[in-house]
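Asker: So I've got this file, structure_35.cif, and it contains mmCIF, C-alpha atoms:
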```
data_start
#
loop_
_atom_site.label_atom_id
_atom_site.label_comp_id
_atom_site.auth_asym_id
_atom_site.auth_seq_id
_atom_site.Cartn_x
_atom_site.Cartn_y
_atom_site.Cartn_z
CA MET G 28 -7.28 -25.15 18.39
CA ALA G 29 -4.15 -24.77 16.27
CA ARG G 30 -1.69 -22.29 17.80
CA PRO G 31 -2.77 -20.25 20.82
CA HIS G 32 -2.33 -16.50 21.00
CA ILE G 33 1.30 -16.07 22.09
CA GLU G 34 1.85 -12.34 22.53
CA PRO G 35 4.20 -11.06 23.66
CA TYR G 36 6.87 -13.63 24.36
CA VAL G 37 10.50 -12.60 24.86
CA GLU G 38 12.58 -15.68 24.19
CA LEU G 39 15.86 -14.11 25.39
CA ASN G 40 14.59 -14.55 28.95
CA ASP G 41 14.44 -18.34 28.60
CA PRO G 42 17.25 -20.90 28.20
CA TYR G 43 17.80 -23.14 25.20
CA ARG G 44 16.81 -26.80 25.50
CA ALA G 45 18.58 -29.83 24.09
CA PHE G 46 16.97 -30.91 20.79
CA LYS G 47 16.48 -34.66 21.07
CA VAL G 48 14.76 -35.29 17.76
CA ARG G 49 16.32 -37.13 14.79
CA GLY G 50 18.04 -34.73 12.44
CA PHE G 51 18.59 -32.11 15.14
CA ARG G 52 20.50 -33.94 17.86
CA GLY G 53 23.35 -31.80 19.10
CA CYS G 54 21.38 -28.60 18.44
CA GLN G 55 19.50 -26.54 21.01
CA TYR G 56 16.10 -24.94 20.53
CA LYS G 57 13.42 -22.72 21.98
CA THR G 58 9.81 -23.14 20.93
CA LEU G 59 8.22 -19.83 20.08
CA SER G 60 4.82 -21.26 19.13
CA LEU G 61 3.36 -24.69 18.50
CA ASP G 62 0.21 -25.98 16.83
CA VAL G 63 -1.07 -28.44 19.40
CA ASP G 64 -3.01 -30.40 16.77
CA THR G 65 -0.40 -30.88 14.07
CA GLY G 66 2.97 -30.06 15.65
CA ALA G 67 3.58 -27.21 13.20
CA CYS G 68 5.86 -24.81 15.01
CA THR G 69 8.23 -21.88 14.99
CA LEU G 70 11.53 -22.48 16.74
CA LYS G 71 14.69 -20.60 17.45
CA ILE G 72 17.52 -23.03 16.92
CA ARG G 73 21.20 -22.91 17.84
CA PHE G 74 23.59 -25.04 15.78
CA PRO G 75 26.81 -25.77 17.67
CA GLY G 76 30.18 -25.21 16.01
CA GLY G 77 31.12 -28.31 14.04
CA TYR G 78 27.52 -29.47 13.56
CA ARG G 79 27.00 -31.76 10.57
CA ARG G 80 23.92 -33.37 9.10
CA SER G 81 23.53 -35.78 6.20
CA PRO G 82 21.42 -34.84 3.18
CA GLY G 83 17.75 -35.31 3.86
CA LEU G 84 14.18 -34.10 3.70
CA SER G 85 11.20 -33.25 5.86
CA TYR G 86 7.56 -34.21 5.34
CA SER G 87 6.60 -30.65 6.20
CA ASP G 88 7.09 -27.36 4.37
CA CYS G 89 9.95 -25.67 6.23
CA GLU G 90 11.33 -22.15 6.39
CA ILE G 91 14.61 -21.04 7.84
CA PHE G 92 16.01 -17.58 8.50
CA VAL G 93 19.62 -17.27 9.62
CA LEU G 94 20.00 -14.82 12.52
CA ASN G 95 23.78 -15.10 12.90
CA GLY G 96 26.66 -17.34 11.85
CA THR G 97 27.15 -19.24 8.61
CA ILE G 98 25.56 -22.51 7.53
CA GLU G 99 27.11 -24.49 4.69
CA ALA G 100 24.36 -26.29 2.76
CA GLY G 101 26.18 -28.26 0.08
CA ASP G 102 27.92 -25.62 -2.03
CA ALA G 103 25.71 -22.80 -0.75
CA LEU G 104 26.62 -20.49 2.12
CA TRP G 105 23.72 -19.28 4.23
CA ARG G 106 24.93 -16.21 6.07
CA GLU G 107 23.16 -13.80 8.41
CA GLY G 108 19.88 -12.79 6.76
CA HIS G 109 19.61 -15.87 4.57
CA TYR G 110 16.10 -17.20 4.00
CA CYS G 111 15.01 -20.54 2.58
CA PHE G 112 11.61 -22.03 1.89
CA VAL G 113 12.02 -25.77 1.57
CA PRO G 114 8.86 -27.51 0.32
CA ALA G 115 7.93 -30.81 1.92
CA GLY G 116 9.94 -33.61 0.37
CA VAL G 117 12.70 -31.45 -1.12
CA ALA G 118 16.06 -32.84 0.01
CA LEU G 119 18.62 -30.42 1.36
CA PRO G 120 22.27 -31.24 0.78
CA ALA G 121 24.60 -32.08 3.65
CA ILE G 122 24.75 -29.31 6.23
CA HIS G 123 27.84 -28.14 8.07
CA VAL G 124 28.02 -25.30 10.59
CA PRO G 125 31.71 -24.66 11.23
CA GLN G 126 31.49 -21.87 13.81
CA GLY G 127 27.95 -22.19 15.14
CA ALA G 128 24.82 -20.34 14.08
CA GLU G 129 21.37 -19.30 15.27
CA ALA G 130 18.27 -19.33 13.09
CA LEU G 131 14.51 -19.24 13.11
CA LEU G 132 13.16 -22.57 11.91
CA MET G 133 9.54 -23.04 10.96
CA PHE G 134 7.70 -26.29 10.25
CA ASN G 135 4.39 -25.44 8.64
CA ASP G 136 2.63 -28.81 8.59
CA ALA G 137 3.97 -31.08 11.31
CA GLU G 138 6.37 -31.39 14.23
CA PRO G 139 10.12 -31.28 13.42
CA ASN G 140 10.95 -34.33 11.31
CA PHE G 141 13.87 -35.41 9.16
CA GLU G 142 14.61 -38.35 6.92
CA GLU G 143 18.03 -39.02 5.46
CA SER G 144 17.87 -38.98 1.68
CA GLY G 145 20.10 -37.87 -1.14
CA ASP G 146 17.11 -37.34 -3.40
CA SER G 147 13.94 -35.33 -3.14
CA HIS G 148 10.63 -37.14 -2.80
CA ASP G 149 9.12 -37.80 -6.22
CA ARG G 150 6.03 -35.79 -5.23
CA ALA G 151 7.95 -32.81 -3.85
CA LEU G 152 7.11 -29.37 -5.23
CA ARG G 153 10.73 -28.66 -6.19
CA GLU G 154 9.97 -25.48 -8.14
CA ALA G 155 8.75 -23.76 -4.97
CA PHE G 156 12.17 -23.97 -3.31
CA THR G 157 13.32 -20.45 -2.43
CA SER G 158 16.78 -19.37 -1.30
CA LEU G 159 17.94 -15.78 -0.99
CA ASN G 160 19.60 -13.37 1.39
CA GLY G 161 16.93 -11.08 2.78
CA TYR G 162 19.43 -8.44 3.84
CA GLU G 163 21.46 -8.30 0.62
CA ASP G 164 19.29 -9.48 -2.27
CA LEU G 165 16.16 -7.34 -1.90
CA PRO G 166 15.42 -3.60 -1.58
CA TRP G 167 13.17 -2.17 1.12
CA PHE G 168 9.68 -1.53 -0.15
CA GLY G 169 8.65 1.83 1.24
CA LEU G 170 5.18 2.25 -0.16
CA GLY G 171 1.97 0.65 1.01
CA ARG G 172 2.30 -2.94 -0.13
CA VAL G 173 -1.21 -3.49 1.21
CA GLN G 174 -4.12 -1.02 1.03
CA PRO G 175 -5.21 0.47 3.33
CA SER G 176 -1.61 0.96 4.23
CA VAL G 177 0.66 1.31 7.22
CA ALA G 178 2.07 4.80 7.82
CA THR G 179 5.30 6.03 6.22
CA GLY G 180 8.30 4.58 8.02
CA CYS G 181 7.22 0.94 8.12
CA LEU G 182 9.08 -0.74 5.27
CA SER G 183 9.10 -4.34 4.09
CA LYS G 184 10.90 -6.89 1.94
CA LEU G 185 8.89 -9.75 0.52
CA LEU G 186 10.81 -13.00 0.99
CA ARG G 187 8.12 -15.36 -0.21
CA GLN G 188 4.42 -15.41 -0.97
CA ASP G 189 2.36 -18.55 -1.48
CA PRO G 190 0.67 -18.17 -4.87
CA LEU G 191 -2.60 -19.76 -3.73
CA THR G 192 -3.16 -18.40 -0.22
CA HIS G 193 -0.93 -15.31 -0.28
CA ALA G 194 0.61 -16.53 2.97
CA THR G 195 3.65 -14.28 3.17
CA THR G 196 7.06 -14.26 4.79
CA PHE G 197 8.70 -10.86 4.92
CA LEU G 198 11.21 -8.68 6.66
CA TYR G 199 9.93 -5.40 7.98
CA CYS G 200 11.46 -2.47 9.73
CA MET G 201 10.19 0.55 11.53
CA VAL G 202 12.29 3.70 11.35
CA PRO G 203 13.19 5.63 14.51
CA GLN G 204 10.24 7.64 15.85
CA PHE G 205 7.75 5.64 13.78
CA ALA G 206 4.18 6.30 14.83
CA GLN G 207 0.84 5.02 13.61
CA ASP G 208 -2.34 6.01 15.39
CA ASN G 209 -4.89 3.34 14.55
CA ILE G 210 -5.91 -0.13 15.70
CA SER G 211 -5.44 -2.93 13.21
CA TYR G 212 -6.60 -6.51 12.75
CA HIS G 213 -6.45 -9.03 9.93
CA ASP G 214 -8.25 -12.10 8.56
CA CYS G 215 -4.98 -14.03 8.80
CA ALA G 216 -2.80 -15.21 11.64
CA GLU G 217 0.27 -13.02 11.96
CA GLU G 218 3.67 -13.83 13.41
CA SER G 219 6.72 -11.74 14.15
CA TYR G 220 10.17 -12.06 15.66
CA HIS G 221 12.15 -8.96 16.56
CA ILE G 222 15.67 -9.47 15.21
CA TRP G 223 16.71 -6.14 16.68
CA GLY G 224 14.94 -3.22 18.27
CA THR G 225 11.96 -2.39 20.44
CA SER G 226 8.52 -1.37 19.30
CA TRP G 227 5.36 -0.68 21.26
CA MET G 228 1.76 -1.65 20.74
CA MET G 229 -1.05 -0.13 22.74
CA GLN G 230 -2.48 -3.48 23.91
CA PHE G 231 0.71 -5.35 24.78
CA GLY G 232 3.34 -2.76 25.66
CA GLU G 233 6.94 -2.98 24.46
CA LEU G 234 8.30 -5.81 22.33
CA PRO G 235 12.12 -5.79 22.53
CA THR G 236 14.88 -7.62 20.65
CA GLY G 237 14.04 -11.33 20.85
CA GLY G 238 10.36 -10.48 21.23
CA TYR G 239 7.90 -12.69 19.42
CA PHE G 240 4.21 -13.05 18.77
CA TRP G 241 1.84 -15.48 17.08
CA ARG G 242 -1.46 -13.67 16.82
CA PRO G 243 -4.61 -15.44 15.56
CA PRO G 244 -6.97 -13.55 13.22
CA TYR G 245 -9.17 -10.60 14.22
CA ILE G 246 -7.24 -9.58 17.35
CA ASN G 247 -6.70 -5.86 17.90
CA HIS G 248 -3.14 -4.52 17.79
CA GLY G 249 -1.95 -0.93 17.65
CA ALA G 250 -1.57 2.01 17.92
CA PHE G 251 2.14 1.64 17.17
CA ARG G 252 5.32 3.39 18.23
CA CYS G 253 9.01 2.71 17.67
CA ARG G 254 11.56 4.99 19.27
CA PHE G 255 14.94 3.82 17.96
CA GLY G 256 14.06 1.57 15.02
CA THR G 257 13.31 -2.13 14.66
CA ILE G 258 13.96 -4.93 12.17
CA ALA G 259 11.84 -8.06 12.32
CA LEU G 260 10.80 -11.18 10.45
CA GLY G 261 7.08 -11.44 9.84
CA ARG G 262 4.78 -14.13 8.49
CA THR G 263 1.10 -14.51 7.73
CA ASP G 264 -0.74 -17.77 7.05
CA SER G 265 -2.95 -16.25 4.31
CA LYS G 266 -3.71 -12.91 2.68
CA LEU G 267 -3.19 -9.87 4.87
CA HIS G 268 -5.73 -7.07 4.72
CA ASN G 269 -5.49 -4.14 7.12
CA TYR G 270 -8.77 -3.44 8.88
CA PHE G 271 -8.18 -0.15 10.72
CA HIS G 272 -10.45 1.29 13.38
CA TYR G 273 -10.32 3.18 16.69
CA ASN G 274 -12.33 1.14 19.19
CA PRO G 275 -9.84 -0.27 21.73
CA TRP G 276 -12.48 -2.50 23.29
CA SER G 277 -13.80 -4.44 20.29
CA ASN G 278 -13.29 -8.19 20.54
CA PRO G 279 -12.29 -10.71 17.81
CA TRP G 280 -15.90 -11.76 17.19
CA GLU G 281 -17.00 -8.16 16.69
CA ASN G 282 -13.99 -7.54 14.45
CA LEU G 283 -14.81 -10.60 12.32
CA GLN G 284 -18.40 -9.41 11.90
CA ARG G 285 -17.16 -5.96 10.95
CA ALA G 286 -14.90 -7.54 8.31
CA ALA G 287 -17.81 -9.59 6.97
CA GLY G 288 -19.91 -6.42 6.93
CA GLN G 289 -17.33 -4.80 4.65
CA GLY G 290 -17.70 -7.77 2.31
CA TYR G 291 -21.49 -7.35 2.39
CA ARG G 292 -21.13 -3.72 1.36
CA GLN G 293 -18.19 -3.90 -1.02
CA ARG G 294 -18.63 -7.30 -2.75
CA PRO G 295 -22.39 -7.75 -2.58
CA LEU G 296 -22.78 -10.38 -5.31
CA LEU G 297 -19.99 -12.53 -3.91
CA TYR G 298 -21.44 -12.20 -0.41
CA GLN G 299 -24.91 -13.20 -1.62
CA TRP G 300 -23.54 -16.20 -3.50
CA GLU G 301 -21.52 -17.36 -0.48
CA MET G 302 -24.58 -17.09 1.75
CA THR G 303 -26.88 -18.99 -0.62
CA ASP G 304 -27.93 -22.46 0.53
CA GLY G 305 -26.14 -25.21 -1.35
CA HIS G 306 -23.06 -23.13 -2.10
CA ASN G 307 -21.31 -23.98 1.13
CA HIS G 308 -18.70 -26.17 -0.56
CA PRO G 309 -16.46 -27.65 2.15
CA HIS G 310 -13.55 -27.91 -0.28
CA GLY G 311 -13.99 -24.44 -1.77
CA PRO G 312 -15.75 -23.26 -4.92
CA ALA G 313 -14.53 -24.25 -8.38
CA ASP G 314 -11.74 -22.09 -9.78
CA PHE G 315 -11.16 -22.44 -13.52
CA GLU G 316 -7.56 -21.27 -13.14
CA GLU G 317 -6.70 -23.47 -10.14
CA PRO G 318 -8.91 -26.56 -10.40
CA GLY G 319 -7.05 -28.57 -7.75
CA TYR G 320 -6.34 -25.80 -5.27
CA ALA G 321 -8.15 -27.39 -2.33
CA ASP G 322 -5.59 -30.18 -2.27
CA ALA G 323 -2.55 -27.91 -2.05
CA ALA G 324 -0.92 -28.21 1.36
CA SER G 325 -0.87 -24.45 1.96
CA VAL G 326 -4.64 -24.27 1.35
CA ALA G 327 -5.55 -27.46 3.18
CA ARG G 328 -3.78 -26.38 6.36
CA LEU G 329 -6.05 -23.32 6.56
CA HIS G 330 -9.19 -25.48 6.46
CA ARG G 331 -8.29 -28.28 8.85
CA MET Y 5 -16.08 -37.61 -6.06
CA ALA Y 6 -14.89 -38.18 -2.50
CA LYS Y 7 -12.80 -41.11 -3.70
CA ALA Y 8 -11.17 -38.96 -6.39
CA ARG Y 9 -10.49 -36.23 -3.85
CA ALA Y 10 -8.96 -38.70 -1.40
CA LYS Y 11 -6.70 -39.99 -4.17
CA ALA Y 12 -5.65 -36.44 -5.08
CA LYS Y 13 -4.95 -35.59 -1.44
CA ALA Y 14 -2.66 -38.59 -1.13
CA LYS Y 15 -0.38 -36.90 -3.68
CA ARG Y 16 0.78 -34.42 -1.07
CA VAL Y 17 4.12 -35.29 0.47
CA GLN Y 18 2.68 -34.18 3.81
CA ASP Y 19 0.11 -36.96 3.70
CA LEU Y 20 2.80 -39.59 3.24
CA LYS Y 21 4.62 -38.67 6.45
CA PRO Y 22 5.53 -41.76 8.45
CA PRO Y 23 3.94 -42.10 11.90
CA ARG Y 24 5.41 -39.84 14.56
CA ALA Y 25 8.54 -41.45 16.01
CA ALA Y 26 8.93 -41.88 19.78
CA ASP Y 27 11.45 -39.04 20.08
CA ALA Y 28 9.20 -36.67 18.14
CA ALA Y 29 6.12 -37.72 20.13
CA ALA Y 30 7.97 -37.04 23.39
CA TRP Y 31 9.12 -33.68 22.08
CA PHE Y 32 5.57 -32.80 21.05
CA LYS Y 33 4.04 -33.75 24.40
CA GLU Y 34 6.68 -31.86 26.36
CA ASN Y 35 6.32 -28.74 24.26
CA ILE Y 36 2.53 -28.67 24.50
CA ALA Y 37 2.90 -28.62 28.28
CA LEU Y 38 5.56 -25.91 28.15
CA GLN Y 39 3.42 -23.78 25.85
CA LYS Y 40 0.48 -24.00 28.26
CA LYS Y 41 2.69 -22.60 31.00
CA ARG Y 42 4.02 -19.91 28.68
CA TYR Y 43 0.50 -18.90 27.67
CA ALA Y 44 -0.61 -18.68 31.32
CA ALA Y 45 2.40 -16.51 32.14
CA ILE Y 46 1.61 -14.19 29.22
CA VAL Y 47 -2.02 -13.80 30.30
CA LYS Y 48 -0.94 -13.04 33.88
CA GLU Y 49 1.64 -10.50 32.73
CA GLN Y 50 -0.82 -8.82 30.36
CA ASN Y 51 -3.53 -8.64 33.02
CA GLY Y 52 -1.00 -6.84 35.17
CA LEU Y 53 -0.70 -4.11 32.53
CA GLU Y 54 -4.36 -3.16 32.75
CA ARG Y 55 -3.89 0.15 34.56
CA ASP Y 56 -1.20 1.29 32.11
CA ARG Y 57 -3.30 0.06 29.20
CA GLN Y 58 -6.29 2.17 30.18
CA LYS Y 59 -4.01 5.22 30.23
CA TRP Y 60 -2.67 4.26 26.78
CA TYR Y 61 -6.22 3.90 25.48
CA ALA Y 62 -7.19 7.30 26.91
CA ASN Y 63 -4.15 8.91 25.28
CA PHE Y 64 -4.96 7.24 21.94
CA LEU Y 65 -8.55 8.50 22.06
CA ARG Y 66 -7.23 12.00 22.74
CA ILE Y 67 -4.73 11.85 19.85
CA ILE Y 68 -7.30 10.72 17.28
CA GLN Y 69 -9.48 13.72 18.19
CA THR Y 70 -6.64 16.25 17.92
CA LYS Y 71 -3.88 14.99 15.60
CA GLY Y 72 -6.11 12.46 13.88
CA PHE Y 73 -6.56 8.75 13.18
CA ASN Y 74 -4.39 7.03 10.51
CA ALA Y 75 -7.18 5.99 8.14
CA ASN Y 76 -4.82 4.93 5.33
CA GLY Y 77 -1.07 5.44 5.33
CA ASP Y 78 -0.36 9.01 6.43
CA LEU Y 79 -3.91 10.20 5.81
CA ARG Y 80 -5.16 11.33 9.20
CA VAL Y 81 -8.81 11.94 10.02
CA LYS Y 82 -9.87 13.75 13.19
CA ILE Y 83 -12.58 11.83 14.99
CA PRO Y 84 -15.36 13.96 16.52
CA ALA Y 85 -16.06 13.53 20.22
CA ASN Y 86 -19.49 12.02 19.67
CA LEU Y 87 -17.90 9.08 17.76
CA ILE Y 88 -15.36 8.19 20.44
CA PRO Y 89 -16.16 4.73 21.82
CA LYS Y 90 -17.00 4.31 25.49
CA LYS Y 91 -15.30 1.76 27.72
CA PRO Y 92 -17.63 -1.18 28.32
CA LYS Y 93 -18.13 -2.56 31.81
CA GLY Y 94 -15.73 -5.21 33.00
CA ARG Y 95 -12.12 -5.99 32.43
CA SER Y 96 -10.72 -5.56 28.92
CA ARG Y 97 -9.05 -8.56 27.36
CA VAL Y 98 -6.15 -8.47 24.87
CA VAL Y 99 -4.92 -12.08 24.84
CA PHE Y 100 -7.40 -14.60 23.42
#
```
Now, as a test, write the supplied structure out as structure tokens.
Answerer:
Amino acid sequence: MARPHIEPYVELNDPYRAFKVRGFRGCQYKTLSLDVDTGACTLKIRFPGGYRRSPGLSYSDCEIFVLNGTIEAGDALWREGHYCFVPAGVALPAIHVPQGAEALLMFNDAEPNFEESGDSHDRALREAFTSLNGYEDLPWFGLGRVQPSVATGCLSKLLRQDPLTHATTFLYCMVPQFAQDNISYHDCAEESYHIWGTSWMMQFGELPTGGYFWRPPYINHGAFRCRFGTIALGRTDSKLHNYFHYNPWSNPWENLQRAAGQGYRQRPLLYQWEMTDGHNHPHGPADFEEPGYADAASVARLHR
Amino acid sequence: MAKARAKAKAKRVQDLKPPRAADAAAWFKENIALQKKRYAAIVKEQNGLERDRQKWYANFLRIIQTKGFNANGDLRVKIPANLIPKKPKGRSRVVF
């Protein structure tokens, strides 16, 4: 069943727990969401002052976003707002956290795992490694990154996008007095952590600082309000399309059918081909540009 | 074909992960149980919002008829009364 619908969850109300897994001993964590089949998870992690870890790798794609404090990763300094995508098998240098730090830590394929190694795995996708400061290195994107678009006042910064699935990690903010009067759903799972600020959604009420959700596809959310402003980290597991409507009582199955109905109307030839007997390829249709795409981890995890 | 695909799949680092160690297995089991409790608490809390939620829905349906519905970005479309959806029987559900 992958990850359940966790919305809303305010982690600030719960205590940290001791992290008793190799590579993280001495740290504390809170689990925000967990895939009960694979162990893939999103955690909030607290590194104590003086924490050190040897160089090493994970067998899962990992993402980290530094909420506060400074992490020394080899020669690099990851300060507040720093984001890294570490592909499975890519070795990180030795880590030192002199004064303590808190971060969001995401394992996309498996439970938290770590193996000491000075070298990356020979099959690691090294070129996908991403490291930047989301606060300092990118401008806010104020226009509709996706069409149909959110209303003016919801801005975003794209931290990373998977080239095959368009799974996206991004910062977003809502300006004070932001309002959007529609109900939205997507084909993708969507995740968010409120770094600061409170926003409101018509189904779930207020989501304050430390508020979190993991929302499976096709679940209604919105209308939206934000009184004093909010900044948050968001993620999707595949391409995000905004399906807007105004029926508060539609359910995920009805929303999925409505989305498929749009495909029937707007991409009729593709819809007909997909529905034709014998074209139901379990590993996806051939793509002359990406012949091996079905074997990419980011694609495979969507079709488990 | 299947053999070739299996060979290609084995190229992923993820597929070469060693078996789950005892500490990780214990962590996994414990956190599945904790998440079940968390999910149940969320459902209970959200069910408790039902009265407020019906007011929020009513206000939303009023706004989209007067100020308009955000169809795309800031483009607002006023929805005529005959297109406003009716509440179905039974309790509405927001957590799935």
Asker: For chain G against chain Y, with a cut-off of 8 Å and counting all atoms listed in the file, what is the closest atom pair and its distance in Å to one decimal for every residue that makes the cut, ordered by chain and number, as JSON lines?
Answerer:
```
{"residue": "G:Pro31", "atom": "CA", "partner": "Y:Tyr43", "partner_atom": "CA", "distance": 7.7}
{"residue": "G:His32", "atom": "CA", "partner": "Y:Phe100", "partner_atom": "CA", "distance": 5.9}
{"residue": "G:Ile33", "atom": "CA", "partner": "Y:Tyr43", "partner_atom": "CA", "distance": 6.3}
{"residue": "G:Glu34", "atom": "CA", "partner": "Y:Ile46", "partner_atom": "CA", "distance": 6.9}
{"residue": "G:Pro35", "atom": "CA", "partner": "Y:Ile46", "partner_atom": "CA", "distance": 6.9}
{"residue": "G:Tyr36", "atom": "CA", "partner": "Y:Ile46", "partner_atom": "CA", "distance": 7.2}
{"residue": "G:Lys47", "atom": "CA", "partner": "Y:Asp27", "partner_atom": "CA", "distance": 6.7}
{"residue": "G:Val48", "atom": "CA", "partner": "Y:Asp27", "partner_atom": "CA", "distance": 5.5}
{"residue": "G:Arg49", "atom": "CA", "partner": "Y:Asp27", "partner_atom": "CA", "distance": 7.4}
{"residue": "G:Thr58", "atom": "CA", "partner": "Y:Asn35", "partner_atom": "CA", "distance": 7.4}
{"residue": "G:Ser60", "atom": "CA", "partner": "Y:Gln39", "partner_atom": "CA", "distance": 7.3}
{"residue": "G:Leu61", "atom": "CA", "partner": "Y:Ile36", "partner_atom": "CA", "distance": 7.2}
{"residue": "G:Val63", "atom": "CA", "partner": "Y:Ile36", "partner_atom": "CA", "distance": 6.2}
{"residue": "G:Gly66", "atom": "CA", "partner": "Y:Phe32", "partner_atom": "CA", "distance": 6.6}
{"residue": "G:Tyr86", "atom": "CA", "partner": "Y:Gln18", "partner_atom": "CA", "distance": 5.1}
{"residue": "G:Ser87", "atom": "CA", "partner": "Y:Gln18", "partner_atom": "CA", "distance": 5.8}
{"residue": "G:Ala115", "atom": "CA", "partner": "Y:Val17", "partner_atom": "CA", "distance": 6.1}
{"residue": "G:Gly116", "atom": "CA", "partner": "Y:Val17", "partner_atom": "CA", "distance": 6.1}
{"residue": "G:Asp136", "atom": "CA", "partner": "Y:Gln18", "partner_atom": "CA", "distance": 7.2}
{"residue": "G:Glu138", "atom": "CA", "partner": "Y:Phe32", "partner_atom": "CA", "distance": 7.0}
{"residue": "G:Pro139", "atom": "CA", "partner": "Y:Ala28", "partner_atom": "CA", "distance": 7.2}
{"residue": "G:Asn140", "atom": "CA", "partner": "Y:Ala28", "partner_atom": "CA", "distance": 7.4}
{"residue": "G:His148", "atom": "CA", "partner": "Y:Val17", "partner_atom": "CA", "distance": 7.5}
{"residue": "G:Arg150", "atom": "CA", "partner": "Y:Val17", "partner_atom": "CA", "distance": 6.0}
{"residue": "G:Ala151", "atom": "CA", "partner": "Y:Val17", "partner_atom": "CA", "distance": 6.3}
{"residue": "G:Gly171", "atom": "CA", "partner": "Y:Gly77", "partner_atom": "CA", "distance": 7.1}
{"residue": "G:Gln174", "atom": "CA", "partner": "Y:Asn76", "partner_atom": "CA", "distance": 7.4}
{"residue": "G:Pro175", "atom": "CA", "partner": "Y:Asn76", "partner_atom": "CA", "distance": 4.9}
{"residue": "G:Ser176", "atom": "CA", "partner": "Y:Gly77", "partner_atom": "CA", "distance": 4.6}
{"residue": "G:Val177", "atom": "CA", "partner": "Y:Gly77", "partner_atom": "CA", "distance": 4.9}
{"residue": "G:Ala178", "atom": "CA", "partner": "Y:Gly77", "partner_atom": "CA", "distance": 4.1}
{"residue": "G:Thr179", "atom": "CA", "partner": "Y:Asp78", "partner_atom": "CA", "distance": 6.4}
{"residue": "G:Gln207", "atom": "CA", "partner": "Y:Asn74", "partner_atom": "CA", "distance": 6.4}
{"residue": "G:Asp208", "atom": "CA", "partner": "Y:Asn74", "partner_atom": "CA", "distance": 5.4}
{"residue": "G:Asn209", "atom": "CA", "partner": "Y:Asn74", "partner_atom": "CA", "distance": 5.5}
{"residue": "G:Met229", "atom": "CA", "partner": "Y:Trp60", "partner_atom": "CA", "distance": 6.2}
{"residue": "G:Gln230", "atom": "CA", "partner": "Y:Val98", "partner_atom": "CA", "distance": 6.3}
{"residue": "G:Phe231", "atom": "CA", "partner": "Y:Gln50", "partner_atom": "CA", "distance": 6.7}
{"residue": "G:Ile246", "atom": "CA", "partner": "Y:Val98", "partner_atom": "CA", "distance": 7.7}
{"residue": "G:Asn247", "atom": "CA", "partner": "Y:Val98", "partner_atom": "CA", "distance": 7.5}
{"residue": "G:Ala250", "atom": "CA", "partner": "Y:Phe64", "partner_atom": "CA", "distance": 7.4}
{"residue": "G:Phe271", "atom": "CA", "partner": "Y:Ala75", "partner_atom": "CA", "distance": 6.7}
{"residue": "G:His272", "atom": "CA", "partner": "Y:Ala75", "partner_atom": "CA", "distance": 7.8}
{"residue": "G:Tyr273", "atom": "CA", "partner": "Y:Phe73", "partner_atom": "CA", "distance": 7.6}
{"residue": "G:Asn274", "atom": "CA", "partner": "Y:Pro89", "partner_atom": "CA", "distance": 5.9}
{"residue": "G:Pro275", "atom": "CA", "partner": "Y:Tyr61", "partner_atom": "CA", "distance": 6.7}
{"residue": "G:Trp276", "atom": "CA", "partner": "Y:Ser96", "partner_atom": "CA", "distance": 6.6}
{"residue": "G:Asp322", "atom": "CA", "partner": "Y:Lys13", "partner_atom": "CA", "distance": 5.5}
{"residue": "G:Ala323", "atom": "CA", "partner": "Y:Arg16", "partner_atom": "CA", "distance": 7.4}
{"residue": "G:Ala324", "atom": "CA", "partner": "Y:Arg16", "partner_atom": "CA", "distance": 6.9}
```
Asker: By how many Å are atom CA of G:Cys89 and atom CA of G:Thr192 apart?
Answerer: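 Going from atom CA of G:Cys89 over to atom CA of G:Thr192, I get 16.3 Å.
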Asker: Might you spell out which residues the PyMOL selection byres ((chain G and resi 169) around 9) would select in the displayed file, as a VMD selection string?
Answerer: chain G and resid 167 to 168 170 to 172 179 to 183
Asker: Could you write out as a PDB file with C-alpha atoms, in the coordinates of the input the residues that the PyMOL selection byres ((chain G and resi 164) around 10) matches in the shown file?
Answerer:
```pdb
ATOM      1  CA  GLY G 108      19.880 -12.790   6.760  1.00  0.00           C
ATOM      2  CA  HIS G 109      19.610 -15.870   4.570  1.00  0.00           C
ATOM      3  CA  LEU G 159      17.940 -15.780  -0.990  1.00  0.00           C
ATOM      4  CA  ASN G 160      19.600 -13.370   1.390  1.00  0.00           C
ATOM      5  CA  GLY G 161      16.930 -11.080   2.780  1.00  0.00           C
ATOM      6  CA  TYR G 162      19.430  -8.440   3.840  1.00  0.00           C
ATOM      7  CA  GLU G 163      21.460  -8.300   0.620  1.00  0.00           C
ATOM      8  CA  LEU G 165      16.160  -7.340  -1.900  1.00  0.00           C
ATOM      9  CA  PRO G 166      15.420  -3.600  -1.580  1.00  0.00           C
ATOM     10  CA  LYS G 184      10.900  -6.890   1.940  1.00  0.00           C
ATOM     11  CA  LEU G 186      10.810 -13.000   0.990  1.00  0.00           C
TER      12      LEU G 186
END
```
Asker: Work out how far atom CA of G:His213 is from atom CA of Y:Lys93, in Å to one decimal.
Answerer: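 One can read the atom CA of Y:Lys93 to atom CA of G:His213 distance as 25.6 Å.
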Asker: Write out as a ChimeraX atom specification which residues come within 10 Å of stretch 94-98 of chain G when counting all atoms listed in the file, dropping same-chain ones fewer than 3 positions away.
Answerer: /G:71-74,76,78-79,91,101,103-110,122-131,222
Asker: Any chance you could resolve the PyMOL selection byres ((chain G and resi 54) around 7) against this file and give the residues as a list in words?
Answerer: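 That expression, the PyMOL selection byres ((chain G and resi 54) around 7), corresponds here to Ala45, Phe46, Phe51, Arg52, Gly53, Gln55, Tyr56, Ile72, Arg73, Phe74 and Pro75 of chain G.
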